[in-house]
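Encoded as structure tokens, the structure appears first; notes follow it.
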Amino acid sequence: MTGNPVDCTVKSTVALQIGDVVSDSFRPGVYITDVVFGEPVNIQEISFKNSYTAFLTVRVLRKEAGSEDGSTKWVTCVRNHCLMANPHTEEGSQDYFSIYRQQMLTQPDNVTTVRLIQRQPSSVWLNFNIEEIKIYPLVHEDSERDVPSWLSTITPVEEPLDLNGLPDPDEVSSSIQQMWALTEIMQSSQTSASIGRFDVDGSYDINLLSYT
Amino acid sequence: MAEKRRSGGGTVMPDSKSVKSESDKEFLSQAGVGVLLRDALLKLVEARSEDPIGFLAEHFSNLASESESGPVGGGGGDGGEPQENTVEEQQQLSRALWHLSLAHHSQRSAFNNNIRLAYDLLTQCGSIQRVPGGVQGRIYTEMLQCLCSEGGLSGTTAAPLLRRIRCHDYEAVPFELFRQGVQTCTAFADYIRKSQCLYAAVASRPERPAERSLCRAVLATLEEALDTSHGADSARFLEASAKISPAKLAQAMADVRGAGEQQEGPTMDAREFEDAAAALFIARVRVVI
């Protein structure tokens, strides 16, 4: 039902820190990961594997409908979604999560970029991240399978046909059905057995002929 | 006095009776009659013919001629007179045909058993040069012709079918091909009978021939159903059966009638209808190569 994930580029994670990234030895508590799409997508589901992230906020960059290209807007879809019940303990730290369209605050349609803001307030963990990010697009139910044409014509026509003077369709149909069945029986009993009328024995093998 | 006599009689009788019954039982088991009767009854139940006595008579006469010609047949193979062989051949052929007539082709396992019996019978018979590896082509073709005529098919109806599946005189017919040929002929006989019923249904008035447009429409729906070729078997059957449902047929016939008036159009006679229907069947028979 979810179908195949959309191709996307996951940018490298950026840490939000006060001060210089290189010199300060404080470990950051917030990481930001951007996921970029080639073309706008309607998102059905975002799934990922957690690695010690406590809270997740999802923001999407949406192309505004009704306006010309280039006009985009950041909207928050999920605010502080709790992944770990207690940030200091293991529970939920390495679980797989899915965030569905129905859980989001706004409709994630025509999305070009997804920003995942990960927070881990606890100092217990050396590092935290989310991995294996997959984004599934919205699939329309009716385009999945084609109904065979004969199936749609099975229900009989409502208005009564004028059968004046016409032969009884039930009788005709039953005879035709039996004739069809007999032909099918004959066809299914056909094997590939042959008498070998046109078989040529080995002495006319192509390889041997080439030596003459 | 009476009691004495009775008891005297009573003591004498069981002795002779027991002696008799032992010899009776022994006699029956020695002759193998139990097995014989059981086989005969099994065959009768399988065939369920309307004339059980005639059936049993034929069964036993076949057995008798088989047992007496068994040792003779081997001797007659080399250097026997051609006349004798032809007579023997005809006997074997009629016996094989009798076996094939016992079960309808819809009773699968019984029919297959009978085909096997007939095949074994026919491989043994033959003219002086016995063909290894199967039934002689001439005998096979003759048997198919007899099957068709027994099924009520005229020579002209059966001719196109036989042209497709006949074999040359010198060819050896293997069992698979033999079975396929017999099944095709029996199915074709049923098919032609059904097409005659269909013509009667379409005509709907016994004294006048059916309208050509109606016949054409009906045969066209059959052809369309037969042409569903793609997909798995179950899907194919569902699709084909949807095409020949009563509603569909009523629609097809009403369309044809709606185009013309109620007046009589050109008609098609029974012969032509039968030939057209037969053509649909025969076109799907695989040619023997």
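By order in the structure tokens, chains are A, B, ...; within a chain, residues start at 1; ligands start at 1, following the order shown.
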Using only C-alpha atoms and a cut-off of 6 Å, which residues of chain A sit close to chain B? Please list them as a ChimeraX atom specification.
/A:167,169-170,172-173,175,179,182,186,193-195,197
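Residues surrounding Glu91 in chain A within 10 Å are A:Tyr52, A:Ala54, A:Leu83, A:Met84, A:Ala85, A:Asn86 [only C-alpha atoms; sequence separation below 5 positions excluded].
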Within 9 Å of Leu162 in chain B, counting only C-alpha atoms, which residues qualify if same-chain residues fewer than 6 places away don't, as a VMD selection string?
chain B and resid 141 144 to 145 185
Report, in Å with one decimal, the straight-line distance from CA of Arg271 in chain B to CA of Ser174 in chain A.
21.0 Å
Can you work out the spacing between CA of His81 in chain A and CA of Asn4 in chain A in Å, to one decimal?
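Value for the CA of His81 in chain A-CA of Asn4 in chain A distance: 24.6 Å.
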As a list in words, please: every residue in range 57-143 of chain A that DSSP puts in helix (DSSP H, G or I).
Arg101, Gln102, Gln103, Glu141, Asp142 and Ser143 of chain A
Export C-alpha atoms of the chosen residues as a PDB file, in the first residue's frame?
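Wrote result36.pdb, looks like this:
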```
ATOM      1  CA  ARG A 101       0.197  11.921   6.523  1.00  0.00           C
ATOM      2  CA  GLN A 102      -2.763  11.655   8.878  1.00  0.00           C
ATOM      3  CA  GLN A 103      -0.574  12.589  11.887  1.00  0.00           C
ATOM      4  CA  GLU A 141      -6.166   3.678  -5.057  1.00  0.00           C
ATOM      5  CA  ASP A 142      -8.075   3.517  -8.332  1.00  0.00           C
ATOM      6  CA  SER A 143      -5.026   3.606 -10.586  1.00  0.00           C
TER       7      SER A 143
END
```
Leaving out range 8-13 of chain A and any residue of its chain fewer than 2 positions from it, which residues lie within 12 Å of it when counting only C-alpha atoms, given as a ChimeraX atom specification?
/A:5-6,15-16,28,30-41,46,111-118,128-137
Neighbours of Met104 in chain A within 7 Å (only C-alpha atoms; same-chain residues fewer than 4 positions away dropped), as a ChimeraX atom specification?
/A:77-78,100
Which is closer to Pro87 in chain A than all the others in A:Gln187, A:Gln177, A:Asn110, A:Ser122, using only C-alpha atoms?
A:Ser122
Pick out the residues sitting within 12 Å of Ser101 in chain B, and hand them over as an MDAnalysis selection string; count only C-alpha atoms, and ignore anything fewer than 3 positions along from it in its own chain.
chainID B and resid 43 46:49 55 94:98 104:105 107 110:115 117:118 146:148 150:151 182:183 186
Name the residues in contact with Leu126 in chain A at a cut-off of 12 Å, using only C-alpha atoms, excluding same-chain residues fewer than 4 positions from it; report them as a list in words.
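Once the nearby chain positions are removed, what remains is Phe26, Arg27, Pro28, Gly29, Ser51, Tyr52, Thr53, His88, Gln120, Pro121 and Ser122 of chain A.
The space between CA of Thr72 in chain A and CA of Thr57 in chain A spans 19.1 Å.
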